[in-house]
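Participant: Got a file for you: data_1.txt, compact mmCIF, C-alpha atoms.
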```
# COMPACT_ATOMS: atom_id res chain seq x y z
CA MET A 1021 -15.29 -4.33 -21.65
CA THR A 1022 -13.31 -4.74 -18.44
CA THR A 1023 -14.43 -6.67 -15.42
CA SER A 1024 -15.37 -3.45 -13.63
CA ASP A 1025 -17.61 -2.43 -16.55
CA THR A 1026 -19.59 -5.64 -16.46
CA PRO A 1027 -23.18 -4.89 -15.43
CA LYS A 1028 -23.88 -6.21 -11.95
CA THR A 1029 -26.81 -8.38 -11.12
CA PRO A 1030 -28.00 -8.93 -7.54
CA SER A 1031 -26.47 -12.39 -7.50
CA SER A 1032 -23.09 -11.14 -8.76
CA LEU A 1033 -22.67 -8.49 -6.08
CA THR A 1034 -19.79 -9.11 -3.71
CA SER A 1035 -18.28 -7.25 -0.79
CA PRO A 1036 -15.21 -5.20 -1.74
CA GLY A 1037 -13.25 -7.11 0.92
CA LEU A 1038 -10.91 -5.75 3.54
CA VAL A 1039 -8.21 -8.39 3.26
CA GLY A 1040 -5.44 -8.54 0.69
CA ARG A 1041 -2.70 -11.10 0.27
CA ARG A 1042 -0.48 -9.51 2.89
CA SER A 1043 -2.29 -6.52 4.39
CA ARG A 1044 -5.75 -6.08 5.85
CA LEU A 1045 -7.95 -3.21 6.96
CA VAL A 1046 -9.43 -3.35 10.43
CA ALA A 1047 -11.87 -0.97 12.08
CA LEU A 1048 -10.05 1.50 14.30
CA LEU A 1049 -10.55 0.57 17.96
CA PRO A 1050 -9.30 2.18 21.17
CA ALA A 1051 -6.76 -0.62 21.44
CA HIS A 1052 -5.13 0.77 18.28
CA TYR A 1053 -4.82 4.35 19.51
CA PRO A 1054 -1.46 4.03 21.29
CA ALA A 1055 0.17 2.47 18.21
CA ILE A 1056 -1.35 5.09 15.90
CA TYR A 1057 -0.15 7.84 18.24
CA GLN A 1058 3.33 6.38 18.19
CA LEU A 1059 3.21 6.40 14.40
CA ALA A 1060 2.13 10.04 14.30
CA VAL A 1061 4.80 11.29 16.67
CA GLN A 1062 7.71 9.25 15.34
CA GLU A 1063 10.60 11.52 14.54
CA ASN A 1064 10.42 12.11 10.81
CA VAL A 1065 6.62 12.00 10.63
CA ALA A 1066 6.14 14.40 13.53
CA ALA A 1067 8.85 16.65 12.18
CA PHE A 1068 7.36 17.37 8.81
CA ARG A 1069 5.46 14.69 6.93
CA TRP A 1070 2.17 14.29 8.83
CA ARG A 1071 -0.39 16.97 9.51
CA HIS A 1072 0.95 18.01 12.92
CA ARG A 1073 4.26 19.12 11.30
CA GLY A 1074 6.39 19.73 14.30
CA ASN A 1075 3.71 19.75 16.96
CA ILE A 1076 3.40 16.76 19.22
CA PRO A 1077 -0.15 16.82 20.55
CA SER A 1078 -1.07 15.28 23.86
CA TYR A 1079 -2.31 11.75 23.59
CA GLU A 1080 -5.81 12.87 24.61
CA ALA A 1081 -5.91 15.65 22.02
CA PHE A 1082 -4.62 13.28 19.38
CA VAL A 1083 -7.31 10.69 20.09
CA GLN A 1084 -9.99 13.39 19.96
CA SER A 1085 -8.65 14.61 16.60
CA LEU A 1086 -8.73 11.12 15.13
CA TYR A 1087 -12.39 11.49 14.26
CA SER A 1088 -12.41 15.14 13.22
CA SER A 1089 -14.08 15.49 9.77
CA VAL A 1090 -13.47 11.80 9.16
CA LEU A 1091 -15.79 9.86 6.90
CA ILE A 1092 -14.20 6.44 7.39
CA GLN A 1093 -10.82 5.15 8.49
CA PHE A 1094 -9.07 1.88 9.09
CA ALA A 1095 -5.90 0.63 10.67
CA VAL A 1096 -3.75 -1.28 8.20
CA THR A 1097 -2.33 -4.46 9.67
CA SER A 1098 -0.65 -7.60 8.48
CA THR A 1099 -2.70 -10.61 7.52
CA ARG A 1100 -0.75 -12.32 10.30
CA GLU A 1101 -2.70 -11.84 13.47
CA GLN A 1102 0.30 -11.39 15.73
CA SER A 1103 1.81 -8.55 13.72
CA GLY A 1104 1.50 -4.89 14.60
CA ILE A 1105 0.02 -1.95 12.76
CA PHE A 1106 1.45 -0.93 9.40
CA GLY A 1107 -0.42 2.35 9.18
CA LEU A 1108 -3.66 4.29 9.10
CA VAL A 1109 -5.81 5.19 6.08
CA VAL A 1110 -8.36 7.97 6.39
CA ALA A 1111 -11.07 9.50 4.20
CA TYR A 1112 -11.95 12.98 5.43
CA ASN A 1113 -13.61 16.22 4.35
CA ALA A 1114 -16.12 14.32 2.23
CA ASN A 1115 -18.29 16.54 0.05
CA PRO A 1116 -21.54 14.79 -0.95
CA ILE A 1117 -22.53 17.60 -3.32
CA ASP A 1118 -19.34 17.55 -5.35
CA GLN A 1119 -18.83 13.82 -4.74
CA THR A 1120 -15.27 14.19 -3.57
CA THR A 1121 -13.36 13.26 -0.47
CA TYR A 1122 -9.82 13.58 0.78
CA LEU A 1123 -7.53 10.66 1.45
CA ALA A 1124 -4.72 10.58 4.01
CA VAL A 1125 -2.20 7.88 4.82
CA LEU A 1126 0.01 7.53 7.86
CA SER A 1127 2.70 4.88 8.09
CA GLN A 1128 6.24 4.26 9.10
CA ALA A 1129 8.65 4.46 6.18
CA LYS A 1130 9.50 0.82 6.81
CA TYR A 1131 5.89 -0.19 6.28
CA GLY A 1132 5.18 2.10 3.34
CA ALA A 1133 4.77 -0.63 0.74
CA ALA A 1134 2.70 -2.79 3.10
CA THR A 1135 0.48 0.20 3.80
CA MET A 1136 0.20 0.86 0.06
CA GLU A 1137 -1.53 -2.51 -0.34
CA GLY A 1138 -3.90 -1.27 2.39
CA VAL A 1139 -4.40 2.02 0.53
CA LEU A 1140 -5.59 0.14 -2.54
CA LEU A 1141 -7.96 -1.95 -0.41
CA PHE A 1142 -9.21 1.30 1.11
CA VAL A 1143 -9.75 2.99 -2.27
CA ARG A 1144 -11.66 -0.05 -3.46
CA TYR A 1145 -13.79 0.06 -0.31
CA ILE A 1146 -14.54 3.79 -0.63
CA LEU A 1147 -15.52 3.54 -4.28
CA ALA A 1148 -17.79 0.59 -3.52
CA PHE A 1149 -19.75 2.41 -0.83
CA TRP A 1150 -19.76 6.03 -2.00
CA PRO A 1151 -20.24 7.45 -5.49
CA PHE A 1152 -17.20 9.74 -5.25
CA ARG A 1153 -15.80 11.01 -8.52
CA LYS A 1154 -12.44 11.95 -7.10
CA LEU A 1155 -10.30 11.30 -4.10
CA TYR A 1156 -8.04 14.24 -3.29
CA VAL A 1157 -4.66 13.95 -1.66
CA GLU A 1158 -2.92 16.95 -0.13
CA LEU A 1159 0.85 16.76 -0.27
CA PRO A 1160 3.58 19.12 0.75
CA GLU A 1161 5.93 19.37 -2.20
CA TYR A 1162 8.72 17.59 -0.35
CA ASN A 1163 6.55 14.45 0.03
CA LEU A 1164 6.02 14.12 -3.72
CA PRO A 1165 9.10 11.94 -4.45
CA GLN A 1166 7.53 9.23 -2.27
CA PHE A 1167 4.71 9.01 -4.81
CA ALA A 1168 6.72 9.45 -8.01
CA THR A 1169 5.73 6.09 -9.50
CA ALA A 1170 2.03 6.56 -8.76
CA VAL A 1171 2.23 9.94 -10.52
CA LYS A 1172 4.13 8.50 -13.48
CA ALA A 1173 1.60 5.66 -13.74
CA GLY A 1174 -1.28 8.15 -13.89
CA LEU A 1175 -2.91 7.15 -10.62
CA LEU A 1176 -2.14 10.47 -8.92
CA VAL A 1177 -2.69 13.61 -10.98
CA GLU A 1178 -1.78 17.11 -9.88
CA GLU A 1179 -4.86 19.35 -9.92
CA GLY A 1180 -3.75 22.32 -7.92
CA ARG A 1181 -0.82 23.96 -6.26
CA LEU A 1182 -0.69 26.48 -3.43
CA PHE A 1183 2.60 28.22 -4.03
CA GLU A 1184 5.01 28.52 -1.13
CA ASN A 1185 2.31 27.46 1.30
CA SER A 1186 4.08 25.21 3.78
CA TYR A 1187 7.02 26.30 5.92
CA TYR A 1188 9.70 23.81 6.80
CA SER A 1189 13.47 23.94 7.11
CA ASP A 1190 14.12 27.59 6.27
CA ARG A 1191 11.86 27.81 3.27
CA TYR A 1192 8.28 27.68 2.04
CA TRP A 1193 7.21 24.68 -0.01
CA ASP A 1194 4.28 24.37 -2.38
CA LYS A 1195 1.26 22.40 -1.24
CA LEU A 1196 -0.03 20.10 -3.99
CA ILE A 1197 -3.61 18.97 -4.45
CA MET A 1198 -3.44 15.64 -6.21
CA SER A 1199 -6.42 13.56 -7.28
CA ILE A 1200 -7.28 9.96 -7.94
CA SER A 1201 -10.22 9.78 -10.33
CA ARG A 1202 -12.69 6.93 -10.11
CA GLU A 1203 -11.61 5.81 -13.58
CA ALA A 1204 -7.89 5.81 -12.76
CA ALA A 1205 -8.59 4.01 -9.50
CA ARG A 1206 -10.55 1.29 -11.29
CA GLU A 1207 -7.76 0.78 -13.80
CA HIS A 1208 -5.13 0.44 -11.10
CA LEU A 1209 -7.30 -1.74 -8.88
CA ASP A 1210 -7.75 -4.08 -11.82
CA ARG A 1211 -4.00 -4.11 -12.34
CA TRP A 1212 -3.32 -5.11 -8.75
CA SER A 1213 -6.39 -7.27 -8.21
CA PHE A 1214 -4.20 -10.31 -7.58
CA LEU A 1215 -2.60 -8.60 -4.58
CA LEU A 1216 -5.99 -7.54 -3.23
CA GLU A 1217 -7.46 -10.99 -2.99
CA GLU A 1218 -7.50 -12.73 0.34
CA GLU A 1219 -5.30 -15.76 0.25
CA ILE A 1220 -7.23 -18.93 0.91
CA ASP A 1221 -5.62 -20.72 3.80
CA SER A 1222 -6.46 -24.30 2.95
CA SER A 1223 -4.80 -25.52 6.15
CA ARG A 1224 -7.81 -24.19 8.07
CA PRO A 1225 -10.61 -26.65 8.62
CA MET A 1226 -13.48 -26.11 6.23
CA GLU A 1227 -16.66 -24.68 7.67
CA THR A 1228 -19.60 -26.99 7.50
CA PRO A 1229 -23.15 -25.71 7.14
CA MET B 705 3.08 -32.83 -22.77
CA SER B 706 -0.23 -33.33 -21.06
CA GLY B 707 -0.01 -34.86 -17.60
CA GLU B 708 3.75 -34.43 -17.36
CA VAL B 709 4.96 -33.19 -14.01
CA VAL B 710 7.28 -30.25 -14.57
CA PRO B 711 9.56 -29.71 -11.59
CA ALA B 712 9.78 -26.13 -10.37
CA VAL B 713 13.35 -24.92 -10.74
CA ILE B 714 15.02 -22.78 -8.11
CA ILE B 715 17.06 -20.10 -9.84
CA ASP B 716 20.45 -18.87 -8.66
CA LEU B 717 21.27 -15.33 -7.58
CA ASP B 718 22.54 -14.24 -10.99
CA SER B 719 19.41 -15.47 -12.70
CA PHE B 720 17.30 -13.85 -10.00
CA ALA B 721 19.04 -10.51 -10.58
CA ARG B 722 18.35 -10.82 -14.32
CA TRP B 723 14.71 -11.63 -13.54
CA LEU B 724 14.51 -8.51 -11.38
CA ALA B 725 16.10 -6.39 -14.12
CA ASN B 726 13.40 -7.63 -16.48
CA VAL B 727 10.66 -6.78 -13.97
CA LEU B 728 12.05 -3.29 -13.49
CA GLY B 729 12.69 -2.74 -17.18
CA ILE B 730 16.39 -2.04 -16.74
CA ALA B 731 19.10 -3.28 -19.06
CA GLU B 732 21.65 -4.63 -16.60
CA ALA B 733 21.13 -7.08 -13.79
CA PRO B 734 21.51 -5.18 -10.52
CA ASP B 735 24.31 -5.96 -8.14
CA PRO B 736 23.19 -8.14 -5.21
CA THR B 737 24.13 -5.34 -2.84
CA ALA B 738 21.98 -2.80 -4.70
CA ASP B 739 19.46 -1.09 -2.43
CA LEU B 740 15.95 -1.42 -3.85
CA GLU B 741 14.95 2.09 -2.81
CA HIS B 742 18.11 4.12 -3.08
CA ASP B 743 19.93 2.39 -5.95
CA LEU B 744 17.03 1.04 -8.01
CA GLY B 745 14.58 3.84 -7.28
CA LEU B 746 11.71 1.72 -5.99
CA ASP B 747 9.04 3.57 -4.04
CA ASP B 748 6.04 2.15 -2.21
CA TYR B 749 3.88 1.93 -5.30
CA SER B 750 6.51 0.37 -7.57
CA MET B 751 7.25 -2.18 -4.84
CA LEU B 752 3.74 -3.53 -5.43
CA GLY B 753 4.80 -4.38 -8.99
CA VAL B 754 7.86 -6.25 -7.74
CA VAL B 755 5.75 -8.16 -5.20
CA ALA B 756 3.16 -9.07 -7.84
CA ALA B 757 5.94 -10.33 -10.16
CA PHE B 758 7.52 -12.19 -7.24
CA ASP B 759 4.22 -13.94 -6.51
CA SER B 760 4.07 -15.08 -10.12
CA LEU B 761 7.66 -16.32 -9.93
CA VAL B 762 6.95 -18.50 -6.89
CA LYS B 763 3.44 -19.50 -7.87
CA SER B 764 4.48 -23.10 -8.58
CA TRP B 765 5.40 -23.60 -4.94
CA SER B 766 1.95 -22.63 -3.62
CA ALA B 767 3.64 -21.12 -0.58
CA PRO B 768 1.60 -18.75 1.58
CA ALA B 769 2.25 -15.06 0.92
CA GLN B 770 4.77 -13.60 3.33
CA PRO B 771 4.06 -10.03 4.53
CA GLU B 772 7.78 -9.65 5.33
CA ILE B 773 8.53 -9.01 1.68
CA TYR B 774 7.16 -5.51 2.23
CA TYR B 775 9.31 -4.56 5.19
CA SER B 776 12.27 -6.89 5.64
CA ILE B 777 13.85 -6.41 2.24
CA THR B 778 16.48 -3.77 1.59
CA THR B 779 18.76 -5.17 -1.11
CA VAL B 780 18.55 -7.47 -4.10
CA ARG B 781 20.27 -10.13 -2.01
CA ASP B 782 17.61 -9.77 0.71
CA LEU B 783 14.93 -10.31 -1.89
CA TYR B 784 16.75 -13.38 -3.18
CA LEU B 785 17.05 -14.81 0.33
CA HIS B 786 13.33 -14.19 0.77
CA TYR B 787 12.79 -16.06 -2.49
CA LEU B 788 14.82 -19.01 -1.19
CA THR B 789 12.79 -18.99 2.02
CA VAL B 790 9.51 -19.04 0.14
CA VAL B 791 10.47 -21.81 -2.27
CA SER B 792 11.78 -23.89 0.65
CA MET B 793 8.43 -23.85 2.42
CA PRO B 794 6.19 -26.86 2.44
CA PRO B 795 3.55 -26.25 -0.20
CA ALA B 796 0.13 -25.25 1.03
CA MET B 797 -2.43 -27.97 0.67
CA LEU B 798 -4.64 -27.46 -2.32
CA PRO B 799 -8.33 -27.24 -1.66
```
Could you render the structure from this file as structure tokens?
Facilitator:
Amino acid sequence: MTTSDTPKTPSSLTSPGLVGRRSRLVALLPAHYPAIYQLAVQENVAAFRWRHRGNIPSYEAFVQSLYSSVLIQFAVTSTREQSGIFGLVVAYNANPIDQTTYLAVLSQAKYGAATMEGVLLFVRYILAFWPFRKLYVELPEYNLPQFATAVKAGLLVEEGRLFENSYYSDRYWDKLIMSISREAAREHLDRWSFLLEEEIDSSRPMETP
Amino acid sequence: MSGEVVPAVIIDLDSFARWLANVLGIAEAPDPTADLEHDLGLDDYSMLGVVAAFDSLVKSWSAPAQPEIYYSITTVRDLYLHYLTVVSMPPAMLP
């Protein structure tokens, strides 16, 4: 029996936590919008990797679209307060009947690994608050190499493929529907649990009751 | 021996490269100039494994986790320099 299988009692319930060892999730606020917009229109993301694929929306249209079909989203930041935004994690197109939702991630290539810690925090959060069976991830075929290890490790599983769906650079690419099952997510969250624990800063003064 | 204080040993670059080879499951220690992404094939998810192993390696120093390991490291040498930075920090006070 793994830790996640252990029956919970009211006294053993804990919050899933939004803070890892190096990355944290914070509620998206208007103050974050300019940085998120900059992320979405950076050259290689705007060109082909993010949903706009070549289009650069106006700032106002972008902000309005931020909440379209969104269930929950967070900015991913460093655990250091003065650092900027690593990325954005979004759950969208939730289907309460089928108990599925889609997951999207936006980050600069430089902050990909830092955002990945945030993605795991986000998956843990989603699975704690909603009884989803599967989290779907839509990928253009050319983005797949970025997730090769997650596929090899069994976290991401291909469930569907729209052949020659997405046009970019003189050809049509397949669109892949990948999934993260609740079971696979639990296994991987257990594996990385050490990275998903907030570091106790013992230099801070202790709170007194 | 119970109660004996075992000093934490700082490893040199060659030993660090062999440690990294072991973490990555590759036979030969990578060259210090090897690029983690392009030469060793690390992607965002596999970098988590390296960071988790790194945290175990430096656990004895009780240094605070440095977010820079995710975005300031390109080569094996960069990772080693980060290691030296971490093990040179004053240890965090234990609760």
Participant: What is the CA of Val1125 in chain A to CA of Ala769 in chain B distance in Å?
Facilitator: 23.7 Å
Participant: Can you tell me, as a JSON list (two decimals) with C-alpha atoms, keeping the file's coordinate frame, what residues are no more than 9 Å from Leu740 in chain B when counting only C-alpha atoms, ignoring any on the same chain fewer than 5 positions away?
Facilitator:
```json
[["chain", "number", "residue", "atom", "x", "y", "z"],
["B", 745, "GLY", "CA", 14.58, 3.84, -7.28],
["B", 746, "LEU", "CA", 11.71, 1.72, -5.99],
["B", 747, "ASP", "CA", 9.04, 3.57, -4.04],
["B", 751, "MET", "CA", 7.25, -2.18, -4.84],
["B", 777, "ILE", "CA", 13.85, -6.41, 2.24],
["B", 778, "THR", "CA", 16.48, -3.77, 1.59],
["B", 779, "THR", "CA", 18.76, -5.17, -1.11],
["B", 780, "VAL", "CA", 18.55, -7.47, -4.10]]
```
Participant: Between CA of Pro1116 in chain A and CA of Ile1146 in chain A, what is the distance in Å, rounded to a tenth?
Facilitator: 13.0 Å
Participant: I'd like to know which of A:Lys1028, A:Lys1172, A:Lys1130, A:Arg1202 is closest to chain B, using all atoms listed in the file.
Facilitator: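 Among A:Lys1028, A:Lys1172, A:Lys1130, A:Arg1202, it is A:Lys1130 that comes nearest to chain B.
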Participant: Could the residues of chain B within 9 Å of chain A, counting all atoms listed in the file, be given as a ChimeraX atom specification, please?
Facilitator: /B:746-753,755-756,759,768-776,796-799
Participant: Nearest to Tyr1053 in chain A among A:Leu1196, A:Val1039, A:Leu1216, A:Leu1086, with distances taken over only C-alpha atoms: which residue is it?
Facilitator: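 When distances to Tyr1053 in chain A are compared using only C-alpha atoms, the smallest one comes from A:Leu1086.
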Participant: Closest to Leu724 in chain B among B:Lys763, B:Phe758, B:Glu741, B:His786, using all atoms listed in the file?
Facilitator: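 With all atoms listed in the file as the atom set, the closest residue is B:Phe758.
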Participant: Just to confirm, what's the straight-line distance from CA of Tyr1192 in chain A to CA of Phe1082 in chain A in Å (one decimal)?
Facilitator: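 About the pair CA of Tyr1192 in chain A and CA of Phe1082 in chain A: they are 26.0 Å apart.
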Participant: Please enclose the listed atoms of range 774-780 of chain B in an axis-aligned box, pad each side by 5 Å, and write out the centre and the three edge lengths in Å, rounded to one decimal, as AutoDock Vina command-line options.
Facilitator:
```
--center_x 13.0 --center_y -5.6 --center_z 0.8 --size_x 21.6 --size_y 13.7 --size_z 19.7
```
Participant: Compile the contact shell of Leu788 in chain B as a short mmCIF file (atom, residue, chain, number, x, y, z; two decimals) with C-alpha atoms, keeping the file's coordinate frame: residues with an atom at most 10 Å away, counting only C-alpha atoms, same-chain residues fewer than 4 positions apart removed.
Facilitator:
```cif
data_model
loop_
_atom_site.label_atom_id
_atom_site.label_comp_id
_atom_site.auth_asym_id
_atom_site.auth_seq_id
_atom_site.Cartn_x
_atom_site.Cartn_y
_atom_site.Cartn_z
CA ILE B 714 15.02 -22.78 -8.11
CA ILE B 715 17.06 -20.10 -9.84
CA ASP B 716 20.45 -18.87 -8.66
CA LEU B 717 21.27 -15.33 -7.58
CA VAL B 762 6.95 -18.50 -6.89
CA ASP B 782 17.61 -9.77 0.71
CA LEU B 783 14.93 -10.31 -1.89
CA TYR B 784 16.75 -13.38 -3.18
CA SER B 792 11.78 -23.89 0.65
CA MET B 793 8.43 -23.85 2.42
#
```
Participant: Give me the residues near Ala1047 in chain A as a PDB file with C-alpha atoms, in the coordinates of the input, where near means some atom within 10 Å (using all atoms listed in the file) and where sequence neighbours in that chain fewer than 5 positions away do not count.
Facilitator:
```pdb
ATOM      1  CA  LEU A1038     -10.910  -5.750   3.540  1.00  0.00           C
ATOM      2  CA  HIS A1052      -5.130   0.770  18.280  1.00  0.00           C
ATOM      3  CA  ILE A1092     -14.200   6.440   7.390  1.00  0.00           C
ATOM      4  CA  GLN A1093     -10.820   5.150   8.490  1.00  0.00           C
ATOM      5  CA  PHE A1094      -9.070   1.880   9.090  1.00  0.00           C
ATOM      6  CA  ALA A1095      -5.900   0.630  10.670  1.00  0.00           C
ATOM      7  CA  VAL A1096      -3.750  -1.280   8.200  1.00  0.00           C
TER       8      VAL A1096
END
```
Participant: Here is a test: counting all atoms listed in the file, which residue of A:Gln1058, A:Tyr1187, A:Leu1091, A:Val1109 is nearest to Tyr1079 in chain A?
Facilitator: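 Smallest separation from Tyr1079 in chain A among the options: A:Gln1058.
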Participant: Got a minute to add all heavy atoms to range 1208-1217 of chain A and dump it as a short mmCIF file (atom, residue, chain, number, x, y, z; two decimals), keeping the file's coordinate frame?
Facilitator:
```cif
data_model
loop_
_atom_site.label_atom_id
_atom_site.label_comp_id
_atom_site.auth_asym_id
_atom_site.auth_seq_id
_atom_site.Cartn_x
_atom_site.Cartn_y
_atom_site.Cartn_z
N HIS A 1208 -6.23 0.92 -11.92
CA HIS A 1208 -5.13 0.44 -11.10
C HIS A 1208 -5.57 -0.68 -10.17
O HIS A 1208 -4.78 -1.59 -9.88
CB HIS A 1208 -4.51 1.61 -10.33
CG HIS A 1208 -3.70 2.51 -11.21
ND1 HIS A 1208 -2.34 2.47 -11.27
CD2 HIS A 1208 -4.09 3.44 -12.13
CE1 HIS A 1208 -1.90 3.34 -12.16
NE2 HIS A 1208 -2.95 3.95 -12.69
N LEU A 1209 -6.81 -0.63 -9.72
CA LEU A 1209 -7.30 -1.74 -8.88
C LEU A 1209 -7.38 -3.02 -9.70
O LEU A 1209 -7.09 -4.11 -9.20
CB LEU A 1209 -8.68 -1.39 -8.30
CG LEU A 1209 -8.67 -0.31 -7.22
CD1 LEU A 1209 -10.09 0.13 -6.88
CD2 LEU A 1209 -7.95 -0.79 -5.96
N ASP A 1210 -7.75 -2.90 -10.96
CA ASP A 1210 -7.75 -4.08 -11.82
C ASP A 1210 -6.34 -4.62 -11.99
O ASP A 1210 -6.10 -5.83 -11.95
CB ASP A 1210 -8.31 -3.73 -13.22
CG ASP A 1210 -9.83 -3.70 -13.23
OD1 ASP A 1210 -10.44 -4.18 -12.25
OD2 ASP A 1210 -10.41 -3.20 -14.21
N ARG A 1211 -5.38 -3.69 -12.13
CA ARG A 1211 -4.00 -4.11 -12.34
C ARG A 1211 -3.47 -4.89 -11.15
O ARG A 1211 -2.72 -5.84 -11.29
CB ARG A 1211 -3.13 -2.86 -12.58
CG ARG A 1211 -1.68 -3.16 -12.85
CD ARG A 1211 -0.87 -1.90 -13.03
NE ARG A 1211 -1.36 -1.07 -14.11
CZ ARG A 1211 -0.88 0.15 -14.38
NH1 ARG A 1211 0.09 0.65 -13.65
NH2 ARG A 1211 -1.36 0.86 -15.37
N TRP A 1212 -3.85 -4.48 -9.95
CA TRP A 1212 -3.32 -5.11 -8.75
C TRP A 1212 -4.33 -6.05 -8.09
O TRP A 1212 -4.18 -6.39 -6.92
CB TRP A 1212 -2.91 -4.04 -7.73
CG TRP A 1212 -1.92 -3.06 -8.25
CD1 TRP A 1212 -2.07 -1.71 -8.31
CD2 TRP A 1212 -0.63 -3.34 -8.80
NE1 TRP A 1212 -0.95 -1.15 -8.87
CE2 TRP A 1212 -0.05 -2.12 -9.17
CE3 TRP A 1212 0.10 -4.52 -9.02
CZ2 TRP A 1212 1.22 -2.02 -9.74
CZ3 TRP A 1212 1.36 -4.42 -9.59
CH2 TRP A 1212 1.90 -3.19 -9.94
N SER A 1213 -5.33 -6.47 -8.83
CA SER A 1213 -6.39 -7.27 -8.21
C SER A 1213 -5.84 -8.54 -7.56
O SER A 1213 -6.35 -8.99 -6.53
CB SER A 1213 -7.45 -7.63 -9.25
OG SER A 1213 -6.87 -8.34 -10.32
N PHE A 1214 -4.78 -9.09 -8.14
CA PHE A 1214 -4.20 -10.31 -7.58
C PHE A 1214 -3.71 -10.09 -6.15
O PHE A 1214 -3.87 -10.95 -5.28
CB PHE A 1214 -3.06 -10.79 -8.47
CG PHE A 1214 -2.28 -11.94 -7.91
CD1 PHE A 1214 -2.85 -13.20 -7.83
CD2 PHE A 1214 -0.98 -11.78 -7.46
CE1 PHE A 1214 -2.14 -14.27 -7.31
CE2 PHE A 1214 -0.27 -12.84 -6.95
CZ PHE A 1214 -0.85 -14.08 -6.87
N LEU A 1215 -3.13 -8.88 -5.92
CA LEU A 1215 -2.60 -8.60 -4.58
C LEU A 1215 -3.71 -8.28 -3.58
O LEU A 1215 -3.49 -8.27 -2.38
CB LEU A 1215 -1.63 -7.41 -4.62
CG LEU A 1215 -0.30 -7.63 -5.33
CD1 LEU A 1215 0.50 -6.34 -5.36
CD2 LEU A 1215 0.51 -8.73 -4.65
N LEU A 1216 -4.89 -7.98 -4.10
CA LEU A 1216 -5.99 -7.54 -3.23
C LEU A 1216 -6.99 -8.65 -2.97
O LEU A 1216 -8.08 -8.40 -2.50
CB LEU A 1216 -6.69 -6.33 -3.86
CG LEU A 1216 -5.77 -5.15 -4.22
CD1 LEU A 1216 -6.58 -4.01 -4.80
CD2 LEU A 1216 -5.00 -4.68 -3.00
N GLU A 1217 -6.59 -9.85 -3.28
CA GLU A 1217 -7.46 -10.99 -2.99
C GLU A 1217 -6.95 -11.69 -1.75
O GLU A 1217 -5.75 -11.95 -1.63
CB GLU A 1217 -7.43 -11.99 -4.16
CG GLU A 1217 -8.08 -11.45 -5.42
CD GLU A 1217 -7.82 -12.34 -6.61
OE1 GLU A 1217 -7.21 -13.42 -6.43
OE2 GLU A 1217 -8.20 -11.95 -7.71
#
```
